[in-house]
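File shown: run_5.txt (compact mmCIF, C-alpha atoms and all ligand atoms).
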```
# COMPACT_ATOMS: atom_id res chain seq x y z
CA MET A 265 -5.50 -45.39 0.11
CA VAL A 266 -7.51 -44.17 -2.84
CA THR A 267 -10.31 -42.96 -0.59
CA VAL A 268 -7.88 -41.06 1.62
CA LEU A 269 -6.35 -39.25 -1.38
CA THR A 270 -9.78 -38.44 -2.70
CA GLY A 271 -10.68 -37.10 0.73
CA VAL A 272 -7.68 -34.79 0.83
CA ARG A 273 -8.24 -33.59 -2.70
CA ARG A 274 -11.87 -32.89 -2.01
CA ALA A 275 -11.11 -31.08 1.24
CA ARG A 276 -8.46 -29.02 -0.48
CA HIS A 277 -10.85 -28.13 -3.25
CA VAL A 278 -13.46 -26.93 -0.73
CA ALA A 279 -10.91 -24.77 1.10
CA GLU A 280 -9.46 -23.41 -2.13
CA GLN A 281 -12.82 -22.06 -3.25
CA VAL A 282 -13.31 -19.78 -0.22
CA PRO A 283 -13.33 -16.18 -1.44
CA ASP A 284 -11.04 -13.59 0.08
CA PRO A 285 -13.10 -11.20 2.23
CA GLU A 286 -11.32 -8.09 0.95
CA LEU A 287 -10.72 -9.11 -2.67
CA PRO A 288 -13.81 -11.29 -3.18
CA MET A 289 -13.07 -11.91 -6.86
CA LEU A 290 -10.13 -14.02 -5.66
CA THR A 291 -10.26 -17.34 -3.88
CA LEU A 292 -7.87 -18.02 -1.02
CA ALA A 293 -5.99 -20.28 -3.45
CA ASP A 294 -5.69 -17.45 -6.00
CA LEU A 295 -4.36 -15.17 -3.27
CA GLY A 296 -1.80 -17.76 -2.18
CA VAL A 297 -2.73 -17.65 1.50
CA LEU A 298 -3.88 -21.26 1.70
CA ARG A 299 -0.60 -22.97 2.50
CA GLY A 300 -1.79 -26.54 2.79
CA VAL A 301 -4.70 -28.86 3.44
CA GLY A 302 -4.26 -32.31 4.93
CA ILE A 303 -6.12 -34.96 6.84
CA ALA A 304 -4.64 -36.11 10.15
CA PRO A 305 -4.70 -39.82 11.08
CA ASP A 306 -7.70 -39.18 13.35
CA GLY A 307 -9.64 -37.76 10.41
CA THR A 308 -9.30 -34.08 11.31
CA VAL A 309 -8.97 -31.84 8.28
CA VAL A 310 -6.11 -29.44 8.88
CA ALA A 311 -5.98 -26.29 6.75
CA GLU A 312 -3.06 -23.89 6.98
CA LEU A 313 -3.51 -20.19 6.32
CA THR A 314 -0.99 -17.37 6.31
CA PRO A 315 -1.88 -13.70 6.81
CA THR A 316 -1.17 -11.17 4.08
CA TYR A 317 -0.32 -8.35 6.51
CA SER A 318 0.32 -8.50 10.27
CA GLY A 319 -2.75 -6.39 10.92
CA CYS A 320 -4.97 -8.06 8.35
CA PRO A 321 -8.42 -7.92 9.98
CA ALA A 322 -9.73 -10.48 7.52
CA MET A 323 -7.64 -13.29 8.97
CA ALA A 324 -10.27 -14.34 11.53
CA GLU A 325 -12.93 -14.08 8.86
CA MET A 326 -10.96 -16.34 6.50
CA ARG A 327 -10.34 -18.85 9.25
CA ALA A 328 -14.03 -18.98 10.19
CA GLU A 329 -15.10 -19.28 6.57
CA VAL A 330 -12.69 -22.11 5.75
CA ALA A 331 -13.86 -24.02 8.82
CA ALA A 332 -17.53 -23.38 8.06
CA ARG A 333 -17.24 -24.53 4.45
CA LEU A 334 -15.33 -27.66 5.35
CA ARG A 335 -17.95 -28.53 7.96
CA ALA A 336 -20.70 -27.85 5.47
CA ALA A 337 -18.93 -30.25 3.09
CA GLY A 338 -19.28 -32.98 5.68
CA TYR A 339 -15.96 -32.87 7.50
CA GLU A 340 -16.79 -33.02 11.17
CA ARG A 341 -13.41 -32.31 12.63
CA VAL A 342 -11.72 -29.28 11.17
CA GLU A 343 -8.71 -27.33 12.36
CA VAL A 344 -7.44 -24.14 10.77
CA ARG A 345 -3.86 -23.27 11.66
CA THR A 346 -1.98 -20.03 11.17
CA VAL A 347 1.39 -20.30 9.48
CA LEU A 348 3.67 -17.27 9.77
CA ASP A 349 6.78 -18.60 8.09
CA PRO A 350 7.67 -17.97 5.34
CA PRO A 351 5.85 -14.62 5.18
CA TRP A 352 3.27 -14.13 2.45
CA THR A 353 4.40 -12.39 -0.68
CA THR A 354 2.38 -11.07 -3.61
CA ASP A 355 4.48 -13.42 -5.76
CA TRP A 356 2.16 -16.17 -4.49
CA ILE A 357 -0.87 -14.65 -6.20
CA THR A 358 -1.53 -17.14 -9.00
CA ALA A 359 -1.74 -16.35 -12.71
CA ALA A 360 -5.50 -16.92 -12.52
CA GLY A 361 -5.65 -14.53 -9.57
CA ARG A 362 -3.76 -11.85 -11.49
CA ARG A 363 -6.09 -12.22 -14.43
CA LYS A 364 -9.18 -11.90 -12.19
CA LEU A 365 -7.78 -8.79 -10.51
CA ALA A 366 -7.20 -7.13 -13.88
CA GLU A 367 -10.69 -8.11 -15.05
CA HIS A 368 -12.08 -6.33 -12.00
CA GLY A 369 -10.14 -3.17 -12.67
CA ILE A 370 -7.42 -3.80 -10.09
CA ALA A 371 -3.84 -3.73 -11.34
CA PRO A 372 -1.99 -6.88 -10.27
CA PRO A 373 1.37 -6.63 -8.49
CA GLY A 374 4.75 -6.82 -10.18
CA PRO A 375 7.55 -9.00 -8.81
CA ALA A 376 8.04 -8.53 -5.06
CA PRO A 377 11.21 -6.77 -3.89
CA ARG A 378 13.82 -9.10 -2.41
CA PRO A 379 13.40 -9.54 1.32
CA ALA A 380 15.18 -6.77 3.15
CA SER A 381 17.44 -7.80 5.98
CA GLY A 382 20.15 -5.82 7.67
CA PRO A 383 20.99 -2.49 6.07
CA VAL A 384 18.49 -1.48 3.41
CA PRO A 385 19.39 1.17 0.88
CA LEU A 386 16.74 3.86 0.79
CA VAL A 387 15.62 4.68 -2.70
CA LEU A 388 13.83 7.96 -2.94
CA SER A 389 13.84 8.41 -6.68
CA ALA A 390 10.90 7.17 -8.69
CA THR A 391 12.35 3.89 -9.86
CA ARG A 392 9.15 1.96 -9.34
CA ARG A 393 7.84 0.16 -12.35
CA ALA A 394 5.11 1.73 -14.45
CA VAL A 395 1.74 0.19 -13.67
CA PRO A 396 -0.41 -0.16 -16.78
CA CYS A 397 -4.01 0.98 -16.44
CA PRO A 398 -6.22 -2.10 -15.95
CA ARG A 399 -9.03 -0.32 -17.82
CA CYS A 400 -7.41 1.00 -21.01
CA GLY A 401 -3.90 -0.46 -20.83
CA SER A 402 -2.19 2.93 -21.00
CA ALA A 403 1.22 3.18 -19.34
CA ASP A 404 0.55 6.86 -18.59
CA THR A 405 -0.43 6.31 -14.95
CA GLN A 406 0.62 7.73 -11.61
CA GLU A 407 0.39 6.81 -7.96
CA THR A 408 -1.97 8.96 -5.92
CA SER A 409 -1.41 7.17 -2.62
CA ARG A 410 0.84 4.35 -1.53
CA PHE A 411 -1.93 3.18 0.81
CA GLY A 412 -5.50 2.37 -0.17
CA ALA A 413 -8.78 1.07 1.23
CA THR A 414 -7.11 -2.14 2.41
CA SER A 415 -3.56 -2.90 3.49
CA CYS A 416 -2.70 -4.65 0.25
CA LYS A 417 -3.70 -1.91 -2.19
CA ALA A 418 -2.38 1.44 -3.39
CA LEU A 419 -4.34 4.11 -5.24
CA TRP A 420 -3.37 5.04 -8.79
CA ARG A 421 -4.90 7.01 -11.60
CA CYS A 422 -4.72 6.78 -15.36
CA ARG A 423 -3.94 9.97 -17.21
CA ALA A 424 -5.17 8.55 -20.51
CA CYS A 425 -8.71 7.46 -19.55
CA ARG A 426 -8.78 9.71 -16.44
CA GLU A 427 -10.03 6.86 -14.23
CA PRO A 428 -8.67 6.07 -10.79
CA PHE A 429 -7.80 2.45 -10.08
CA GLU A 430 -6.47 0.27 -7.32
CA TYR A 431 -3.19 -1.56 -7.45
CA VAL A 432 -2.12 -4.56 -5.39
CA LYS A 433 1.30 -3.43 -4.23
CA GLU A 434 4.24 -5.77 -4.16
CA ILE A 435 5.25 -7.09 -0.81
CA MET B 257 -21.23 -16.18 2.50
CA SER B 258 -22.18 -14.33 -0.65
CA ASP B 259 -19.26 -14.44 -3.00
CA ASP B 260 -20.18 -11.31 -4.87
CA HIS B 261 -20.35 -8.71 -2.15
CA VAL B 262 -18.21 -8.77 0.91
CA TYR B 263 -20.32 -6.33 2.92
CA LEU B 264 -23.51 -8.28 2.35
CA SER B 265 -21.79 -11.44 3.38
CA LEU B 266 -20.57 -9.84 6.58
CA ALA B 267 -24.10 -8.97 7.56
CA GLU B 268 -25.33 -12.52 7.05
CA GLU B 269 -26.34 -14.72 9.93
CA HIS B 270 -23.89 -17.51 10.53
CA ASP B 271 -25.06 -20.80 11.91
CA ASP B 272 -21.92 -21.30 13.95
CA GLY B 273 -22.76 -18.12 15.85
CA ASP B 274 -19.29 -16.68 15.45
CA ALA B 275 -18.66 -13.00 15.95
CA ARG B 276 -17.48 -11.18 12.82
CA TRP B 277 -14.44 -9.00 12.78
CA ALA B 278 -16.28 -6.19 11.05
CA PHE B 279 -18.30 -5.60 14.19
CA GLY B 280 -15.29 -5.07 16.34
CA THR B 281 -15.36 -8.25 18.30
CA GLY B 282 -14.51 -11.91 18.10
CA PHE B 283 -10.77 -11.49 17.80
CA GLU B 284 -9.00 -14.76 18.31
CA ASP B 285 -5.48 -15.40 19.39
CA PRO B 286 -3.45 -14.11 16.44
CA LEU B 287 -1.04 -17.01 16.96
CA HIS B 288 -3.88 -19.55 16.81
CA GLY B 289 -2.50 -22.88 15.59
CA VAL B 290 1.11 -21.70 15.41
CA ASP B 291 3.74 -24.00 16.93
CA THR B 292 4.58 -21.98 20.02
CA SER B 293 7.03 -24.25 21.82
CA LEU B 294 10.12 -22.49 23.08
CA PRO B 295 13.35 -23.80 21.50
CA ALA B 296 16.07 -25.01 23.84
CA GLY B 297 18.62 -22.34 24.63
CA VAL B 298 16.23 -19.40 24.27
CA ASP B 299 15.96 -17.30 27.43
CA ALA B 300 12.24 -16.99 28.07
CA ALA B 301 12.46 -13.83 30.20
CA GLU B 302 14.66 -12.08 27.66
CA LEU B 303 12.39 -13.06 24.79
CA ALA B 304 9.31 -11.89 26.69
CA ALA B 305 10.90 -8.53 27.48
CA CYS B 306 11.84 -8.06 23.83
CA CYS B 307 8.33 -8.92 22.60
CA LEU B 308 6.73 -6.67 25.21
CA ALA B 309 8.91 -3.65 24.38
CA LEU B 310 8.40 -4.01 20.62
CA GLY B 311 4.69 -4.62 21.14
CA ASP B 312 4.39 -1.49 23.26
CA ASP B 313 6.24 0.62 20.67
CA ALA B 314 3.80 -0.61 18.05
CA LEU B 315 0.62 -0.19 20.08
CA VAL B 316 1.45 3.33 21.24
CA SER B 317 2.54 4.36 17.74
CA ALA B 318 -0.64 2.90 16.25
CA GLN B 319 -2.72 4.91 18.69
CA ARG B 320 -0.94 8.15 17.78
CA LEU B 321 -1.31 7.41 14.06
CA ALA B 322 -5.01 6.73 14.52
CA GLU B 323 -5.39 10.20 16.06
CA TRP B 324 -4.71 11.63 12.60
CA THR B 325 -7.96 10.14 11.33
CA THR B 326 -10.26 13.07 10.38
CA ARG B 327 -7.38 15.50 11.00
CA ALA B 328 -4.83 14.77 8.26
CA PRO B 329 -4.18 17.35 5.52
CA GLU B 330 -5.72 15.13 2.83
CA LEU B 331 -7.87 12.03 2.71
CA GLU B 332 -5.06 10.03 1.09
CA GLU B 333 -2.72 10.80 3.99
CA GLU B 334 -5.37 9.87 6.48
CA VAL B 335 -5.81 6.50 4.78
CA ALA B 336 -2.05 6.01 4.66
CA LEU B 337 -1.54 6.82 8.33
CA ALA B 338 -4.43 4.57 9.36
CA ASN B 339 -2.96 1.74 7.28
CA ILE B 340 0.46 2.16 8.85
CA GLY B 341 -1.18 2.15 12.27
CA LEU B 342 -3.06 -1.02 11.37
CA ASP B 343 0.15 -2.80 10.36
CA LEU B 344 1.69 -1.80 13.69
CA LEU B 345 -1.38 -2.87 15.62
CA GLY B 346 -1.13 -6.26 13.93
CA GLN B 347 2.52 -6.50 14.92
CA ALA B 348 1.61 -5.56 18.50
CA ARG B 349 -1.04 -8.28 18.69
CA LEU B 350 1.39 -10.97 17.53
CA LEU B 351 4.11 -9.75 19.88
CA TYR B 352 1.80 -9.59 22.91
CA ALA B 353 0.48 -13.06 22.14
CA ARG B 354 4.06 -14.36 22.01
CA CYS B 355 4.92 -12.52 25.23
CA GLY B 356 2.01 -14.14 27.06
CA GLN B 357 3.19 -17.57 26.00
CA VAL B 358 6.73 -17.15 27.24
CA ASP B 359 6.57 -14.84 30.27
CA GLY B 360 4.83 -17.49 32.34
CA THR B 361 1.63 -15.52 32.91
CA GLY B 362 -0.42 -16.90 30.03
CA ARG B 363 -1.94 -13.44 29.52
CA ASP B 364 -3.70 -12.68 26.25
CA GLU B 365 -3.13 -9.64 24.05
CA ASP B 366 -5.95 -7.68 25.71
CA ALA B 367 -4.35 -8.06 29.13
CA TYR B 368 -1.24 -6.31 27.83
CA ALA B 369 -3.02 -3.61 25.88
CA TYR B 370 -5.83 -2.71 28.25
CA PHE B 371 -4.92 -3.76 31.76
CA ARG B 372 -1.47 -2.36 32.39
CA ASP B 373 -0.71 1.17 33.56
CA ALA B 374 1.75 3.63 32.08
CA GLY B 375 4.58 2.59 34.41
CA ASP B 376 4.33 -0.98 33.10
CA PHE B 377 4.72 0.07 29.45
CA ARG B 378 8.17 -0.34 27.91
CA ASN B 379 7.77 1.68 24.70
CA VAL B 380 10.37 4.29 23.82
CA ARG B 381 9.26 7.80 24.73
CA LEU B 382 9.45 9.06 21.17
CA ALA B 383 6.42 6.91 20.33
CA GLU B 384 4.21 8.50 22.99
CA LEU B 385 4.87 12.19 22.30
CA PRO B 386 1.78 14.01 21.02
CA ASN B 387 1.43 14.21 17.23
CA GLY B 388 2.29 17.87 16.95
CA ASP B 389 2.06 19.13 13.39
CA PHE B 390 2.31 16.98 10.28
CA ALA B 391 6.04 17.63 9.99
CA PHE B 392 6.66 16.37 13.51
CA SER B 393 4.63 13.23 12.86
CA MET B 394 6.52 12.54 9.62
CA VAL B 395 9.96 13.08 11.15
CA ARG B 396 9.03 10.84 14.07
CA LEU B 397 7.65 8.19 11.72
CA LEU B 398 10.85 8.30 9.69
CA VAL B 399 12.97 7.76 12.79
CA LEU B 400 10.78 5.06 14.32
CA SER B 401 10.21 3.12 11.09
CA SER B 402 13.90 3.24 10.10
CA TRP B 403 14.84 2.01 13.56
CA ARG B 404 12.21 -0.68 13.70
CA LEU B 405 13.09 -1.85 10.20
CA ALA B 406 16.76 -2.20 11.13
CA HIS B 407 15.84 -3.99 14.34
CA PHE B 408 13.35 -6.36 12.67
CA GLY B 409 15.88 -7.19 9.95
CA ARG B 410 18.16 -8.53 12.67
CA LEU B 411 15.33 -10.24 14.55
CA SER B 412 14.36 -12.17 11.41
CA ALA B 413 17.29 -14.40 12.43
CA SER B 414 16.09 -14.71 16.04
CA PRO B 415 16.51 -18.19 17.57
CA ASP B 416 12.83 -17.99 18.50
CA PRO B 417 10.96 -19.02 15.35
CA VAL B 418 7.80 -17.10 16.26
CA LEU B 419 9.60 -13.81 16.84
CA ALA B 420 11.68 -14.43 13.71
CA ALA B 421 8.53 -14.94 11.63
CA VAL B 422 6.79 -11.87 13.09
CA ALA B 423 9.89 -9.80 12.34
CA ALA B 424 10.30 -11.15 8.81
CA LYS B 425 6.71 -10.22 8.04
CA GLY B 426 7.12 -6.82 9.67
CA VAL B 427 10.18 -5.99 7.58
CA LYS B 428 8.07 -5.91 4.42
CA GLU B 429 5.53 -3.58 6.03
CA LEU B 430 8.08 -1.30 7.66
CA ALA B 431 9.90 -0.76 4.38
CA TYR B 432 6.69 0.86 3.10
CA HIS B 433 6.30 2.96 6.24
CA ARG B 434 9.83 4.27 6.01
CA GLN B 435 9.46 5.03 2.34
CA TYR B 436 6.28 6.99 2.99
CA ALA B 437 7.80 9.03 5.82
CA ALA B 438 11.03 9.67 3.92
CA GLU B 439 9.17 11.00 0.91
CA TRP B 440 7.17 13.36 3.10
CA VAL B 441 10.23 14.61 4.95
CA VAL B 442 11.90 15.39 1.62
CA ARG B 443 8.77 17.09 0.30
CA LEU B 444 8.33 19.18 3.44
CA GLY B 445 11.99 20.02 3.92
CA ASP B 446 12.38 20.93 0.28
CA GLY B 447 8.96 22.63 0.14
CA THR B 448 7.97 26.11 1.23
CA GLU B 449 9.80 28.26 3.72
CA GLU B 450 7.16 27.42 6.29
CA SER B 451 7.27 23.64 5.74
CA HIS B 452 11.07 23.77 5.83
CA ARG B 453 11.01 25.67 9.10
CA ARG B 454 8.55 23.25 10.67
CA THR B 455 10.47 20.18 9.54
CA ARG B 456 13.69 21.58 10.93
CA ALA B 457 11.92 22.31 14.21
CA ALA B 458 10.58 18.75 14.24
CA LEU B 459 14.07 17.32 13.78
CA THR B 460 15.39 19.41 16.64
CA ARG B 461 12.56 18.17 18.81
CA VAL B 462 12.83 14.48 17.84
CA LEU B 463 16.58 13.91 17.88
CA PRO B 464 17.14 14.10 21.68
CA TYR B 465 14.80 11.11 22.00
CA ILE B 466 16.78 8.82 19.71
CA GLY B 467 19.49 8.11 22.29
CA GLU B 468 17.30 5.56 24.04
CA LEU B 469 16.59 3.69 20.80
CA PHE B 470 20.04 2.22 20.57
CA THR B 471 20.65 0.53 23.87
CA ALA B 472 19.33 -2.85 22.83
CA HIS B 473 21.04 -3.42 19.50
CA ASP B 474 23.59 -2.02 17.16
CA ALA B 475 21.51 -0.41 14.43
CA ARG B 476 22.59 3.09 15.35
CA GLU B 477 24.86 3.70 12.40
CA GLU B 478 22.38 2.28 9.96
CA VAL B 479 19.57 4.47 11.24
CA VAL B 480 21.64 7.63 11.49
CA ALA B 481 22.87 7.02 7.93
CA VAL B 482 19.27 6.88 6.71
CA LEU B 483 18.45 10.09 8.60
CA ARG B 484 21.46 11.82 7.06
CA GLN B 485 20.53 10.65 3.59
CA VAL B 486 16.92 11.78 3.88
CA THR B 487 17.60 15.11 5.56
CA GLU B 488 20.27 15.88 2.96
CA ALA B 489 17.79 15.17 0.17
CA ALA B 490 15.34 17.42 2.04
CA GLY B 491 17.82 20.30 2.19
CA LEU B 492 18.02 20.03 5.95
CA ALA B 493 21.24 19.68 7.87
CA LEU B 494 21.00 17.05 10.58
CA PRO B 495 21.44 19.20 13.69
CA ALA B 496 23.63 18.14 16.58
CA TRP B 497 21.67 16.76 19.49
CA ARG B 498 22.11 15.92 23.13
CA PRO B 499 20.37 12.72 24.28
CA LEU B 500 17.80 13.04 27.04
CA ALA B 501 18.30 11.12 30.26
CA GLY B 502 16.05 8.18 31.08
CA ALA B 503 14.48 5.54 28.90
CA GLY B 504 10.97 4.33 28.18
CA ARG B 505 12.40 0.80 28.20
CA ASP B 506 12.94 1.22 31.95
CA GLY B 507 9.40 2.46 32.48
CA ASP B 508 10.34 6.16 32.49
CA HIS B 509 7.70 7.96 30.49
CA THR B 510 6.65 11.47 29.68
CA GLU B 511 3.42 12.90 31.04
CA HIS B 512 1.84 12.15 27.65
CA LEU B 513 1.60 8.37 27.93
CA ALA B 514 -0.99 8.11 30.70
CA PRO B 515 -3.66 10.18 28.89
CA LEU B 516 -3.06 8.21 25.68
CA LEU B 517 -3.58 4.96 27.56
CA ALA B 518 -6.62 6.32 29.40
CA GLU B 519 -8.33 6.88 26.08
CA LEU B 520 -7.17 3.56 24.64
CA GLN B 521 -8.23 1.57 27.70
CA SER B 522 -11.39 3.32 28.88
CA VAL B 523 -13.97 1.07 27.23
CA ALA B 524 -12.19 -2.17 28.06
CA ARG B 525 -11.87 -1.12 31.69
CA ALA B 526 -15.40 0.18 32.04
CA HIS B 527 -16.85 -3.00 30.55
CA PRO B 528 -14.37 -5.84 31.06
CA GLY B 529 -15.05 -8.79 28.80
CA ALA B 530 -17.77 -6.95 26.91
CA THR B 531 -18.60 -8.04 23.37
CA TRP B 532 -20.85 -6.32 20.90
ZN ZN C 601 -6.77 4.07 -18.38
```
Please re-express this file's structure in structure tokens.
Amino acid sequence: MVTVLTGVRRARHVAEQVPDPELPMLTLADLGVLRGVGIAPDGTVVAELTPTYSGCPAMAEMRAEVAARLRAAGYERVEVRTVLDPPWTTDWITAAGRRKLAEHGIAPPGPAPRPASGPVPLVLSATRRAVPCPRCGSADTQETSRFGATSCKALWRCRACREPFEYVKEI
Amino acid sequence: MSDDHVYLSLAEEHDDGDARWAFGTGFEDPLHGVDTSLPAGVDAAELAACCLALGDDALVSAQRLAEWTTRAPELEEEVALANIGLDLLGQARLLYARCGQVDGTGRDEDAYAYFRDAGDFRNVRLAELPNGDFAFSMVRLLVLSSWRLAHFGRLSASPDPVLAAVAAKGVKELAYHRQYAAEWVVRLGDGTEESHRRTRAALTRVLPYIGELFTAHDAREEVVAVLRQVTEAAGLALPAWRPLAGAGRDGDHTEHLAPLLAELQSVARAHPGATW
């Protein structure tokens, strides 16, 4: 019993340390995409991953990397499963993950909007929260583009320190 | 994998010999490891038709959006349109994968995207029309994203858990797409005389195609309400329109779909099964 628990904990630890391909300062655990790690009765390590965005091209990369690291850690049978439900939300980015993002000059997301289903009121006015500059902390910032270099980021700029920065947008 | 630089790590040799996504190959089944059994009471043919149609809308839209790359008014817009296209492409991959599991053919996503002809596509015609000017593309995106958002909101409660999960994920993405398009329509409609004129012309051009959007579900009022709200904010009256006959869902397409597909499919057909 004790050995089995140790095995699961160790396997989980290995999977948790895999860096995200697009935000490499974060581990998959920080990002909240590692949904579970277990060991099946036949000894297969089963890791469950969920994509951030439907078109996330890093999904195959993550899957390969989790499998490779688990094998390198001595687990011979490894299976990485995709879990689609419930859909990933930026609320799953851990406190440590948010801190690392900010340290790397990327503004972490605010609370995700409630899931939209059925009729969705369209808000055109600028009611979005102010995003403080991750560099100087100023609240005098503005969005330059809702879409950035990767699906999960928007482009902002700080009017106090004049620097552009990226922002992980809530989803 | 080097933890400190993603691009270096991508260029590394991997002992398991796997292909890396950054080189445009090695895509696996996007539903890999998902429980794909069909629940009792779900009509497989109906589910397959639904996934195929929504997949085709997404693939064709993604291709049109990608055409803006290097042609958009500003770099930021180019990045935005490419990102929206990427979200839709991801939705298409998931939907095609689901379709192949339930339509009895066992086809993979590539079979749907690359090895069907225009007459086999079930996308709505609005998706395949050429991009036109930026105003046309924004008005079309507003209509298609509002419609898809309304539809996906309902499908999040689908009895098929895979389709429900794909839709629930898509809802979050589509809300961003609609927001983006709505803001541009307001900016253009409420902008210069020229941008106003072009946006009004785009509306007149787009509206006859929306009739065929509402045969499958009851989101019509919701979508038209959004269009009214946005066009009002843009200083544009929503003109009256007369729906065009025919429907892309029945395989009726404009002359614009075949050339779009020819470009999309040319490499896959010239070199079937090629990897690089
Ligand atoms: Zn600053």
In terms of the shortest atom-to-atom distance over only C-alpha atoms, which of B:His527, B:Arg443, B:Arg372, B:Arg404 is closest to B:Val427?
B:Arg404
Give as a ChimeraX atom specification every residue of chain B that touches chain A within 6 Å, counting only C-alpha atoms.
/B:262,288-290,332,336,342-343,346-347,409,421,425
Interatomic distance (Å, one decimal) between atom CA of B:Gly507 and atom CA of B:Ala524
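Computed distance, atom CA of B:Gly507 to atom CA of B:Ala524, equals 22.5 Å.
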Looking at B:Ala437, B:Leu351, B:Asp299, B:Val418, which one is nearest to B:Leu337, with distances taken over all atoms listed in the file?
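Of the candidates, the smallest distance to B:Leu337 is held by B:Ala437.
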Around the point (17.0, 6.1, 21.8) in the file's coordinates, collect all residues with an atom within 9 Å, using only C-alpha atoms, and return them as number ranges by chain.
B: 380-382, 463-471, 499-500, 503-504
What do you get as a PyMOL selection string if you pick all residues at most 12 Å from ligand ZN 601 (chain C), counting all atoms listed in the file?
chain A and resi 369-371+395-406+420-430
Selection export as a PDB file, keeping the file's coordinate frame, atoms kept: C-alpha atoms:
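Below you can see again_22.pdb, which holds the result:
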```
ATOM      1  CA  GLY A 369     -10.140  -3.170 -12.670  1.00  0.00           C
ATOM      2  CA  ILE A 370      -7.420  -3.800 -10.090  1.00  0.00           C
ATOM      3  CA  ALA A 371      -3.840  -3.730 -11.340  1.00  0.00           C
ATOM      4  CA  VAL A 395       1.740   0.190 -13.670  1.00  0.00           C
ATOM      5  CA  PRO A 396      -0.410  -0.160 -16.780  1.00  0.00           C
ATOM      6  CA  CYS A 397      -4.010   0.980 -16.440  1.00  0.00           C
ATOM      7  CA  PRO A 398      -6.220  -2.100 -15.950  1.00  0.00           C
ATOM      8  CA  ARG A 399      -9.030  -0.320 -17.820  1.00  0.00           C
ATOM      9  CA  CYS A 400      -7.410   1.000 -21.010  1.00  0.00           C
ATOM     10  CA  GLY A 401      -3.900  -0.460 -20.830  1.00  0.00           C
ATOM     11  CA  SER A 402      -2.190   2.930 -21.000  1.00  0.00           C
ATOM     12  CA  ALA A 403       1.220   3.180 -19.340  1.00  0.00           C
ATOM     13  CA  ASP A 404       0.550   6.860 -18.590  1.00  0.00           C
ATOM     14  CA  THR A 405      -0.430   6.310 -14.950  1.00  0.00           C
ATOM     15  CA  GLN A 406       0.620   7.730 -11.610  1.00  0.00           C
ATOM     16  CA  TRP A 420      -3.370   5.040  -8.790  1.00  0.00           C
ATOM     17  CA  ARG A 421      -4.900   7.010 -11.600  1.00  0.00           C
ATOM     18  CA  CYS A 422      -4.720   6.780 -15.360  1.00  0.00           C
ATOM     19  CA  ARG A 423      -3.940   9.970 -17.210  1.00  0.00           C
ATOM     20  CA  ALA A 424      -5.170   8.550 -20.510  1.00  0.00           C
ATOM     21  CA  CYS A 425      -8.710   7.460 -19.550  1.00  0.00           C
ATOM     22  CA  ARG A 426      -8.780   9.710 -16.440  1.00  0.00           C
ATOM     23  CA  GLU A 427     -10.030   6.860 -14.230  1.00  0.00           C
ATOM     24  CA  PRO A 428      -8.670   6.070 -10.790  1.00  0.00           C
ATOM     25  CA  PHE A 429      -7.800   2.450 -10.080  1.00  0.00           C
ATOM     26  CA  GLU A 430      -6.470   0.270  -7.320  1.00  0.00           C
TER      27      GLU A 430
END
```
May I have the residues within 12 Å of B:Leu483 as number ranges by chain, using all atoms listed in the file and disregarding those fewer than 2 positions away in the same chain?
A: 385-386; B: 395-403, 434, 437-438, 441-442, 459, 462-463, 466, 476-481, 485-490, 492-495
So that I can see what lies close to A:Ile357, please list as number ranges by chain the residues with an atom at most 7 Å from it, counting only C-alpha atoms and leaving out residues fewer than 6 positions away in the same chain.
A: 294-296
Just write the chosen residues, C-alpha atoms, as a PDB file, in the frame of the given file.
```
ATOM      1  CA  ASP A 294      -5.690 -17.450  -6.000  1.00  0.00           C
ATOM      2  CA  LEU A 295      -4.360 -15.170  -3.270  1.00  0.00           C
ATOM      3  CA  GLY A 296      -1.800 -17.760  -2.180  1.00  0.00           C
TER       4      GLY A 296
END
```
Calculated over all atoms listed in the file, which of the candidates A:Asp306, A:Ala336, A:Thr354, A:Val301 has the smallest distance to A:Arg273?
A:Val301
Could you work out how far atom CA of B:Gln319 lies from atom CA of B:Trp497, giving the answer in Å with one decimal?
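Atom-to-atom, atom CA of B:Trp497 and atom CA of B:Gln319 are spaced 27.1 Å apart.
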Atom CA of B:His433 and atom CA of B:Val335, how far apart in Å?
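Going from atom CA of B:Val335 over to atom CA of B:His433, I get 12.7 Å.
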Which residues are near A:Ala337? Cut-off 12 Å, all atoms listed in the file, ignore same chain within fewer than 4 positions. Put them as a PDB file with C-alpha atoms, in the coordinates of the input.
```
ATOM      1  CA  GLY A 271     -10.680 -37.100   0.730  1.00  0.00           C
ATOM      2  CA  ARG A 274     -11.870 -32.890  -2.010  1.00  0.00           C
ATOM      3  CA  ALA A 275     -11.110 -31.080   1.240  1.00  0.00           C
ATOM      4  CA  ARG A 276      -8.460 -29.020  -0.480  1.00  0.00           C
ATOM      5  CA  HIS A 277     -10.850 -28.130  -3.250  1.00  0.00           C
ATOM      6  CA  VAL A 278     -13.460 -26.930  -0.730  1.00  0.00           C
ATOM      7  CA  ALA A 279     -10.910 -24.770   1.100  1.00  0.00           C
ATOM      8  CA  VAL A 309      -8.970 -31.840   8.280  1.00  0.00           C
ATOM      9  CA  VAL A 330     -12.690 -22.110   5.750  1.00  0.00           C
ATOM     10  CA  ALA A 331     -13.860 -24.020   8.820  1.00  0.00           C
ATOM     11  CA  ALA A 332     -17.530 -23.380   8.060  1.00  0.00           C
ATOM     12  CA  ARG A 333     -17.240 -24.530   4.450  1.00  0.00           C
ATOM     13  CA  ARG A 341     -13.410 -32.310  12.630  1.00  0.00           C
ATOM     14  CA  VAL A 342     -11.720 -29.280  11.170  1.00  0.00           C
TER      15      VAL A 342
END
```
